[in-house]
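Asks: One structure, pasted below without further comment.
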Amino acid sequence: MTDYQLQIPRTEVILKKSEDILEQYGKSLFGKTILVTGVSNESIAGELALRLATADPKLLILTARAESRASPIIAKIKETKPDVAVRFLNLELSDLSSIHKAIDTDLADITKIDHVVFTAGVMACPYSITKDGFEMQFCVNYLANFLLTKLLLPKIQSAGPSSSIIVVASSAVRQGIINFDDIGYSNGSTYDSFTAYCQSNVARVMFAKSLGEKLKDQGIRVYSIDPGSVTTGLQQHMDEDLQKKVASMFKDGFITDVDGRPWQPQQRSTRSEGASTMITGMIDPTISGHNGAYLKQNALADDELHRHVLKEENWTRLWELSEELIQESFSV
Ligand SMILES: NC(=O)c1ccc[n+]([C@@H]2O[C@H](COP(=O)([O-])OP(=O)(O)OC[C@H]3O[C@@H](n4cnc5c(N)ncnc54)[C@H](OP(=O)(O)O)[C@@H]3O)[C@@H](O)[C@H]2O)c1
């Protein structure tokens with residue numbers, strides 16, 4: 001991600017590529033309908049879409065906030081897998097009415113979706129608020145997915161057991177908490193871009209935990225995942241000041257998490273390696289007894305979560321806060 005990561009000594013692990021996971025379990029994606037958010041030529045979601053297409057799903061619904069961002073990926077799929085139907089869905093995650101329109105109107109004809117992968121996100125952007133008045137990272141990275149899940153759930157339930165909802169998060173979850181008393185950082189006056197990114201990732205992971213618990217009896221798979229460190233469009237706000245700030249968090253190559261435990265960021269991954277844990281969440285049958293878990297490098301990684309994230313009281317508090325913010329109830 002940044003230069004500071006290159007300076008860290010670490011044990012290199014052999015990362016799995018998307019192709020490896022698909023070779024093992026990809027048959028289960030044949031004929032399925034899959035929705036992926038945040039598709040572009042540079043994004044992990046773009047790579048994920050290309051890889052998923054090789055498993056011959058029936059339909060890929062690919063979202064972006066501008067069609068031109070997703071069109072290179074759509075063109076590649078049409079060229080290489082002409083039998084896979086691809087549909088573009090315009091989705092601006094910083095606007096709750098756009099989310100409603102996309103799902104309630106543009107997707108009204110789709111009654112069943114087997115897998116949903118929420119990968120769209122933004123990291124450490126300068127302070128801004130959404131059309132509805134929310135801090136940008138909290139909304140785009142988390143709250144939009146809360147609303148999307150509410151609106152998409154009937155279609156996912158129609159797909160039945162073994163369908164999935166994958167919430168892409170980040171190892172930044174280890175550095176953050178939900179600032180429940182001031183979720184918007186006093187209208188920006190106490191805003192720190194990296195702290196807000198961490199908060200939004202805590203929200204993503206906690207949301208997957210609550211949702212996984214609520215949906216486990218229906219057999220709907222829910223996981224949050226850390227794709228690892230991948231060079232993409234995400235680093236666009238990582239300027240020199242922010243790099244220095246992140247570098248200052250390291251001591252002897254380690255960062256200390258919220259509970260005071262030292263940890264090391266992962267080695268750099270390719271996009272295919274980044275997308276592979278998303279596919280693990282979607283279809284690896286060996287983890288199905290752990291609904292709601294946080295995954296990293298294709299494996300369960302709840303042991304990396306700190307106490308604030310694991311506290312069930314906080315999951316409920318976040319759920320209730322989210323309902324209040326979107327001004328809609330969401331009972332599962
Ligand atoms: N890359 C990493 O090292 C890394 C590490 C940990 C976690 N992650 C997570 O992985 C996910 C994917 O990131 P990436 O690395 O693929 O980054 P990326 O290349 O920047 O992709 C993010 C996508 O999200 C879209 N997006 C941003 N704001 C949006 C909005 N308001 N409405 C709709 N779409 C919006 C972007 O659209 P535009 O193209 O229009 O900007 C882009 O297509 C993120 O959620 C990130 O938090 C990434």
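Letters A, B, ... mark the chains of the structure tokens in the order given; residue numbers begin at 1 per chain; ligand numbers begin at 1, in order shown.
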Residues within 12 Å of Trp263 in chain A, please, as number ranges by chain. Count only C-alpha atoms; anything in the same chain fewer than 5 positions from it doesn't count.

Replies: A: 8, 10, 171-172, 174-175, 249-258, 303-306

Asks: Just C-alpha atoms for this one: save the residues we selected as a JSON list (two decimals), in the first residue's frame.

Replies:
```
[["chain", "number", "residue", "atom", "x", "y", "z"],
["A", 8, "ILE", "CA", 8.68, -4.08, 7.47],
["A", 10, "ARG", "CA", 7.78, -10.16, 7.77],
["A", 171, "SER", "CA", -7.37, -4.90, 8.71],
["A", 172, "ALA", "CA", -8.01, -1.26, 9.66],
["A", 174, "ARG", "CA", -7.93, -3.52, 14.32],
["A", 175, "GLN", "CA", -7.19, 0.17, 14.82],
["A", 249, "MET", "CA", 1.96, 4.15, 14.17],
["A", 250, "PHE", "CA", 4.70, 1.52, 13.74],
["A", 251, "LYS", "CA", 7.19, 0.54, 16.41],
["A", 252, "ASP", "CA", 9.86, -1.97, 15.39],
["A", 253, "GLY", "CA", 7.72, -3.01, 12.44],
["A", 254, "PHE", "CA", 4.59, -3.61, 14.52],
["A", 255, "ILE", "CA", 1.38, -1.66, 15.07],
["A", 256, "THR", "CA", -0.53, -1.93, 18.33],
["A", 257, "ASP", "CA", -4.26, -2.65, 18.07],
["A", 258, "VAL", "CA", -7.01, -1.12, 20.20],
["A", 303, "ASP", "CA", -8.84, -14.01, 16.79],
["A", 304, "GLU", "CA", -7.51, -10.74, 15.32],
["A", 305, "LEU", "CA", -10.56, -8.74, 16.42],
["A", 306, "HIS", "CA", -10.39, -6.61, 19.53]]
```

Asks: Please run DSSP on the backbone and report, as a PDB file with C-alpha atoms, in the first residue's frame, all residues within range 34-230 of chain A that come out as strand (DSSP E or B).

Replies:
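Result written to states.pdb:
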```pdb
ATOM      1  CA  ILE A  34     -24.153 -12.587  -8.428  1.00  0.00           C
ATOM      2  CA  LEU A  35     -24.091  -8.871  -7.593  1.00  0.00           C
ATOM      3  CA  VAL A  36     -20.746  -7.127  -7.015  1.00  0.00           C
ATOM      4  CA  LEU A  59     -25.904 -13.372 -14.519  1.00  0.00           C
ATOM      5  CA  LEU A  60     -23.387 -10.921 -13.112  1.00  0.00           C
ATOM      6  CA  ILE A  61     -24.860  -7.644 -11.883  1.00  0.00           C
ATOM      7  CA  LEU A  62     -21.967  -5.206 -11.701  1.00  0.00           C
ATOM      8  CA  THR A  63     -22.369  -1.861 -10.002  1.00  0.00           C
ATOM      9  CA  ALA A  64     -20.471   1.417 -10.175  1.00  0.00           C
ATOM     10  CA  ALA A  85     -25.073 -12.396 -18.971  1.00  0.00           C
ATOM     11  CA  VAL A  86     -23.759  -9.140 -17.535  1.00  0.00           C
ATOM     12  CA  ARG A  87     -25.819  -6.218 -16.386  1.00  0.00           C
ATOM     13  CA  PHE A  88     -24.628  -2.811 -15.272  1.00  0.00           C
ATOM     14  CA  LEU A  89     -26.357  -1.249 -12.266  1.00  0.00           C
ATOM     15  CA  ASN A  90     -25.780   2.391 -11.444  1.00  0.00           C
ATOM     16  CA  HIS A 115     -24.457 -13.949  -3.932  1.00  0.00           C
ATOM     17  CA  VAL A 116     -23.874 -10.309  -3.065  1.00  0.00           C
ATOM     18  CA  VAL A 117     -20.365  -8.935  -2.575  1.00  0.00           C
ATOM     19  CA  PHE A 118     -20.089  -5.424  -1.158  1.00  0.00           C
ATOM     20  CA  ILE A 129     -20.725  14.666   3.959  1.00  0.00           C
ATOM     21  CA  GLU A 135     -19.724  11.380   7.067  1.00  0.00           C
ATOM     22  CA  SER A 164     -24.135 -15.324   0.567  1.00  0.00           C
ATOM     23  CA  ILE A 165     -23.612 -11.725   1.627  1.00  0.00           C
ATOM     24  CA  ILE A 166     -19.939 -10.744   1.678  1.00  0.00           C
ATOM     25  CA  VAL A 167     -18.973  -7.496   3.355  1.00  0.00           C
ATOM     26  CA  VAL A 168     -15.491  -6.439   2.336  1.00  0.00           C
ATOM     27  CA  ARG A 221     -23.662 -17.200   4.504  1.00  0.00           C
ATOM     28  CA  VAL A 222     -22.390 -13.873   5.840  1.00  0.00           C
ATOM     29  CA  TYR A 223     -18.716 -12.965   6.239  1.00  0.00           C
ATOM     30  CA  SER A 224     -16.630  -9.836   6.488  1.00  0.00           C
ATOM     31  CA  ILE A 225     -13.269 -10.110   4.789  1.00  0.00           C
ATOM     32  CA  ASP A 226      -9.930  -8.370   4.629  1.00  0.00           C
ATOM     33  CA  SER A 229      -2.918  -4.988   0.772  1.00  0.00           C
ATOM     34  CA  VAL A 230      -3.560  -4.513  -2.945  1.00  0.00           C
TER      35      VAL A 230
END
```

Asks: Show which residues sit within 10 Å of Ile14 in chain A, as a ChimeraX atom specification. Count only C-alpha atoms, and ignore same-chain residues fewer than 4 positions away.

Replies: /A:267,273,297

Asks: Could you turn the residues from that selection into a file that holds all heavy atoms, as a PDB file, in the first residue's frame?

Replies:
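Below is the file again_22.pdb, written as the result:
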```
ATOM      1  N   GLN A 267       1.775  -8.803   3.679  1.00  0.00           N
ATOM      2  CA  GLN A 267       2.569  -8.522   2.487  1.00  0.00           C
ATOM      3  C   GLN A 267       1.636  -8.067   1.366  1.00  0.00           C
ATOM      4  O   GLN A 267       0.428  -8.289   1.429  1.00  0.00           O
ATOM      5  CB  GLN A 267       3.295  -9.797   2.048  1.00  0.00           C
ATOM      6  CG  GLN A 267       2.337 -10.867   1.538  1.00  0.00           C
ATOM      7  CD  GLN A 267       2.928 -12.266   1.594  1.00  0.00           C
ATOM      8  OE1 GLN A 267       3.313 -12.734   2.650  1.00  0.00           O
ATOM      9  NE2 GLN A 267       2.989 -12.925   0.460  1.00  0.00           N
ATOM     10  N   GLU A 273      -5.300 -12.337  -5.694  1.00  0.00           N
ATOM     11  CA  GLU A 273      -5.164 -12.823  -4.309  1.00  0.00           C
ATOM     12  C   GLU A 273      -6.131 -12.059  -3.400  1.00  0.00           C
ATOM     13  O   GLU A 273      -6.732 -12.633  -2.492  1.00  0.00           O
ATOM     14  CB  GLU A 273      -3.717 -12.637  -3.836  1.00  0.00           C
ATOM     15  CG  GLU A 273      -2.754 -13.614  -4.501  1.00  0.00           C
ATOM     16  CD  GLU A 273      -1.284 -13.203  -4.424  1.00  0.00           C
ATOM     17  OE1 GLU A 273      -0.990 -12.030  -4.050  1.00  0.00           O
ATOM     18  OE2 GLU A 273      -0.436 -14.024  -4.765  1.00  0.00           O
ATOM     19  N   GLN A 297      -6.911 -13.956   4.292  1.00  0.00           N
ATOM     20  CA  GLN A 297      -6.098 -14.989   3.624  1.00  0.00           C
ATOM     21  C   GLN A 297      -6.821 -16.324   3.585  1.00  0.00           C
ATOM     22  O   GLN A 297      -6.286 -17.357   3.983  1.00  0.00           O
ATOM     23  CB  GLN A 297      -4.738 -15.121   4.309  1.00  0.00           C
ATOM     24  CG  GLN A 297      -3.902 -13.867   4.131  1.00  0.00           C
ATOM     25  CD  GLN A 297      -2.605 -13.880   4.908  1.00  0.00           C
ATOM     26  OE1 GLN A 297      -2.418 -14.671   5.828  1.00  0.00           O
ATOM     27  NE2 GLN A 297      -1.712 -12.983   4.571  1.00  0.00           N
TER      28      GLN A 297
END
```

Asks: Counting only C-alpha atoms and all ligand atoms, which residues in chain A sit no more than 6 Å from ligand 1? For each one, give the nearest pair of atoms and the distance in Å, sorted by chain then residue number, as a tab-separated table.

Replies:
```
residue	atom	partner	partner_atom_place_in_ligand_line	distance
A:Met1	CA	ligand 1	3 (O)	5.9
A:Gly38	CA	ligand 1	43 (O)	3.8
A:Val39	CA	ligand 1	43 (O)	4.7
A:Ser40	CA	ligand 1	43 (O)	4.7
A:Glu42	CA	ligand 1	19 (O)	5.0
A:Ser43	CA	ligand 1	19 (O)	3.3
A:Ile44	CA	ligand 1	16 (O)	3.8
A:Ala45	CA	ligand 1	16 (O)	5.7
A:Ala64	CA	ligand 1	34 (N)	5.2
A:Arg65	CA	ligand 1	33 (C)	4.7
A:Arg69	CA	ligand 1	39 (O)	5.7
A:Leu91	CA	ligand 1	33 (C)	5.6
A:Glu92	CA	ligand 1	32 (N)	3.8
A:Leu93	CA	ligand 1	32 (N)	3.7
A:Ser94	CA	ligand 1	31 (N)	4.5
A:Thr119	CA	ligand 1	11 (C)	4.5
A:Ala120	CA	ligand 1	24 (O)	3.3
A:Gly121	CA	ligand 1	45 (O)	3.6
A:Val122	CA	ligand 1	27 (C)	5.0
A:Val140	CA	ligand 1	31 (N)	5.4
A:Val168	CA	ligand 1	45 (O)	5.6
A:Ala169	CA	ligand 1	7 (C)	5.3
A:Ser170	CA	ligand 1	7 (C)	3.9
A:Asp226	CA	ligand 1	6 (C)	5.5
A:Pro227	CA	ligand 1	6 (C)	5.4
A:Gly228	CA	ligand 1	5 (C)	4.9
A:Ser229	CA	ligand 1	3 (O)	3.4
A:Val230	CA	ligand 1	3 (O)	3.8
A:Thr231	CA	ligand 1	1 (N)	5.4
A:Thr232	CA	ligand 1	19 (O)	4.3
A:Gly233	CA	ligand 1	19 (O)	3.5
A:Leu234	CA	ligand 1	20 (O)	3.4
```

Asks: Could you write out that same residue set with N, CA and C atoms as a short mmCIF file (atom, residue, chain, number, x, y, z; two decimals), in the first residue's frame?

Replies:
```cif
data_model
loop_
_atom_site.label_atom_id
_atom_site.label_comp_id
_atom_site.auth_asym_id
_atom_site.auth_seq_id
_atom_site.Cartn_x
_atom_site.Cartn_y
_atom_site.Cartn_z
N MET A 1 0.84 -1.20 0.00
CA MET A 1 0.00 0.00 0.00
C MET A 1 0.87 1.25 0.00
N GLY A 38 -18.77 -1.78 -6.76
CA GLY A 38 -17.44 -1.15 -6.82
C GLY A 38 -16.57 -1.65 -7.95
N VAL A 39 -17.20 -1.93 -9.11
CA VAL A 39 -16.45 -2.53 -10.23
C VAL A 39 -15.77 -1.45 -11.07
N SER A 40 -14.47 -1.60 -11.25
CA SER A 40 -13.73 -0.74 -12.17
C SER A 40 -12.52 -1.51 -12.65
N GLU A 42 -9.50 -0.85 -12.17
CA GLU A 42 -8.41 -0.89 -11.18
C GLU A 42 -8.81 -1.62 -9.91
N SER A 43 -10.09 -1.83 -9.69
CA SER A 43 -10.53 -2.28 -8.36
C SER A 43 -10.47 -3.79 -8.19
N ILE A 44 -10.46 -4.21 -6.94
CA ILE A 44 -10.48 -5.66 -6.65
C ILE A 44 -11.80 -6.24 -7.15
N ALA A 45 -12.87 -5.44 -7.06
CA ALA A 45 -14.17 -5.92 -7.54
C ALA A 45 -14.15 -6.20 -9.05
N ALA A 64 -21.45 0.32 -10.30
CA ALA A 64 -20.47 1.42 -10.17
C ALA A 64 -21.29 2.70 -10.17
N ARG A 65 -20.63 3.79 -9.82
CA ARG A 65 -21.41 5.04 -9.82
C ARG A 65 -21.38 5.71 -11.18
N ARG A 69 -16.88 3.43 -15.64
CA ARG A 69 -15.92 2.77 -14.75
C ARG A 69 -16.00 1.25 -14.88
N LEU A 91 -25.07 2.69 -9.16
CA LEU A 91 -25.29 2.74 -7.71
C LEU A 91 -24.33 3.76 -7.11
N GLU A 92 -24.88 4.84 -6.63
CA GLU A 92 -24.09 5.88 -5.94
C GLU A 92 -24.32 5.66 -4.44
N LEU A 93 -23.30 5.18 -3.76
CA LEU A 93 -23.48 4.76 -2.37
C LEU A 93 -23.51 5.92 -1.38
N SER A 94 -23.26 7.12 -1.86
CA SER A 94 -23.34 8.26 -0.95
C SER A 94 -24.71 8.93 -1.03
N THR A 119 -18.04 -4.63 -2.20
CA THR A 119 -16.62 -4.28 -2.15
C THR A 119 -16.37 -2.77 -2.33
N ALA A 120 -17.33 -2.04 -2.86
CA ALA A 120 -17.09 -0.60 -3.08
C ALA A 120 -16.68 0.07 -1.77
N GLY A 121 -15.79 1.02 -1.88
CA GLY A 121 -15.36 1.70 -0.67
C GLY A 121 -14.42 2.85 -0.99
N VAL A 122 -14.16 3.62 0.03
CA VAL A 122 -13.26 4.77 -0.11
C VAL A 122 -12.40 4.81 1.15
N VAL A 140 -20.43 5.38 2.73
CA VAL A 140 -20.08 4.58 1.54
C VAL A 140 -19.60 3.18 1.95
N VAL A 168 -16.94 -6.65 2.36
CA VAL A 168 -15.49 -6.44 2.34
C VAL A 168 -15.14 -5.38 3.38
N ALA A 169 -14.11 -5.67 4.17
CA ALA A 169 -13.66 -4.74 5.22
C ALA A 169 -12.15 -4.58 5.07
N SER A 170 -11.45 -4.43 6.16
CA SER A 170 -10.01 -4.17 6.09
C SER A 170 -9.38 -4.48 7.44
N ASP A 226 -11.04 -9.29 4.91
CA ASP A 226 -9.93 -8.37 4.63
C ASP A 226 -9.24 -8.88 3.37
N PRO A 227 -9.26 -8.11 2.29
CA PRO A 227 -8.62 -8.61 1.05
C PRO A 227 -7.10 -8.53 1.07
N GLY A 228 -6.54 -7.91 2.10
CA GLY A 228 -5.08 -7.73 2.14
C GLY A 228 -4.70 -6.43 1.47
N SER A 229 -3.42 -6.25 1.31
CA SER A 229 -2.92 -4.99 0.77
C SER A 229 -2.72 -5.10 -0.74
N VAL A 230 -3.57 -4.39 -1.48
CA VAL A 230 -3.56 -4.51 -2.95
C VAL A 230 -3.47 -3.11 -3.55
N THR A 231 -2.62 -2.92 -4.51
CA THR A 231 -2.52 -1.60 -5.15
C THR A 231 -3.70 -1.42 -6.09
N THR A 232 -4.53 -0.43 -5.78
CA THR A 232 -5.76 -0.17 -6.54
C THR A 232 -6.02 1.34 -6.53
N GLY A 233 -7.24 1.71 -6.88
CA GLY A 233 -7.61 3.12 -6.79
C GLY A 233 -7.77 3.60 -5.36
N LEU A 234 -7.78 2.68 -4.41
CA LEU A 234 -8.08 3.02 -3.01
C LEU A 234 -7.06 3.97 -2.39
#
```

Asks: Apply DSSP to the structure's backbone, then extract all residues of range 177-227 of chain A labelled helix (DSSP H, G or I) and return them as a count of residues only.

Replies: 32

Asks: For Ala49 in chain A, which of A:Ser329, A:Thr105, A:Ser128, A:Ser18 is the closest residue, counting only C-alpha atoms?

Replies: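 Using only C-alpha atoms, Ala49 in chain A sits closest to A:Ser18.
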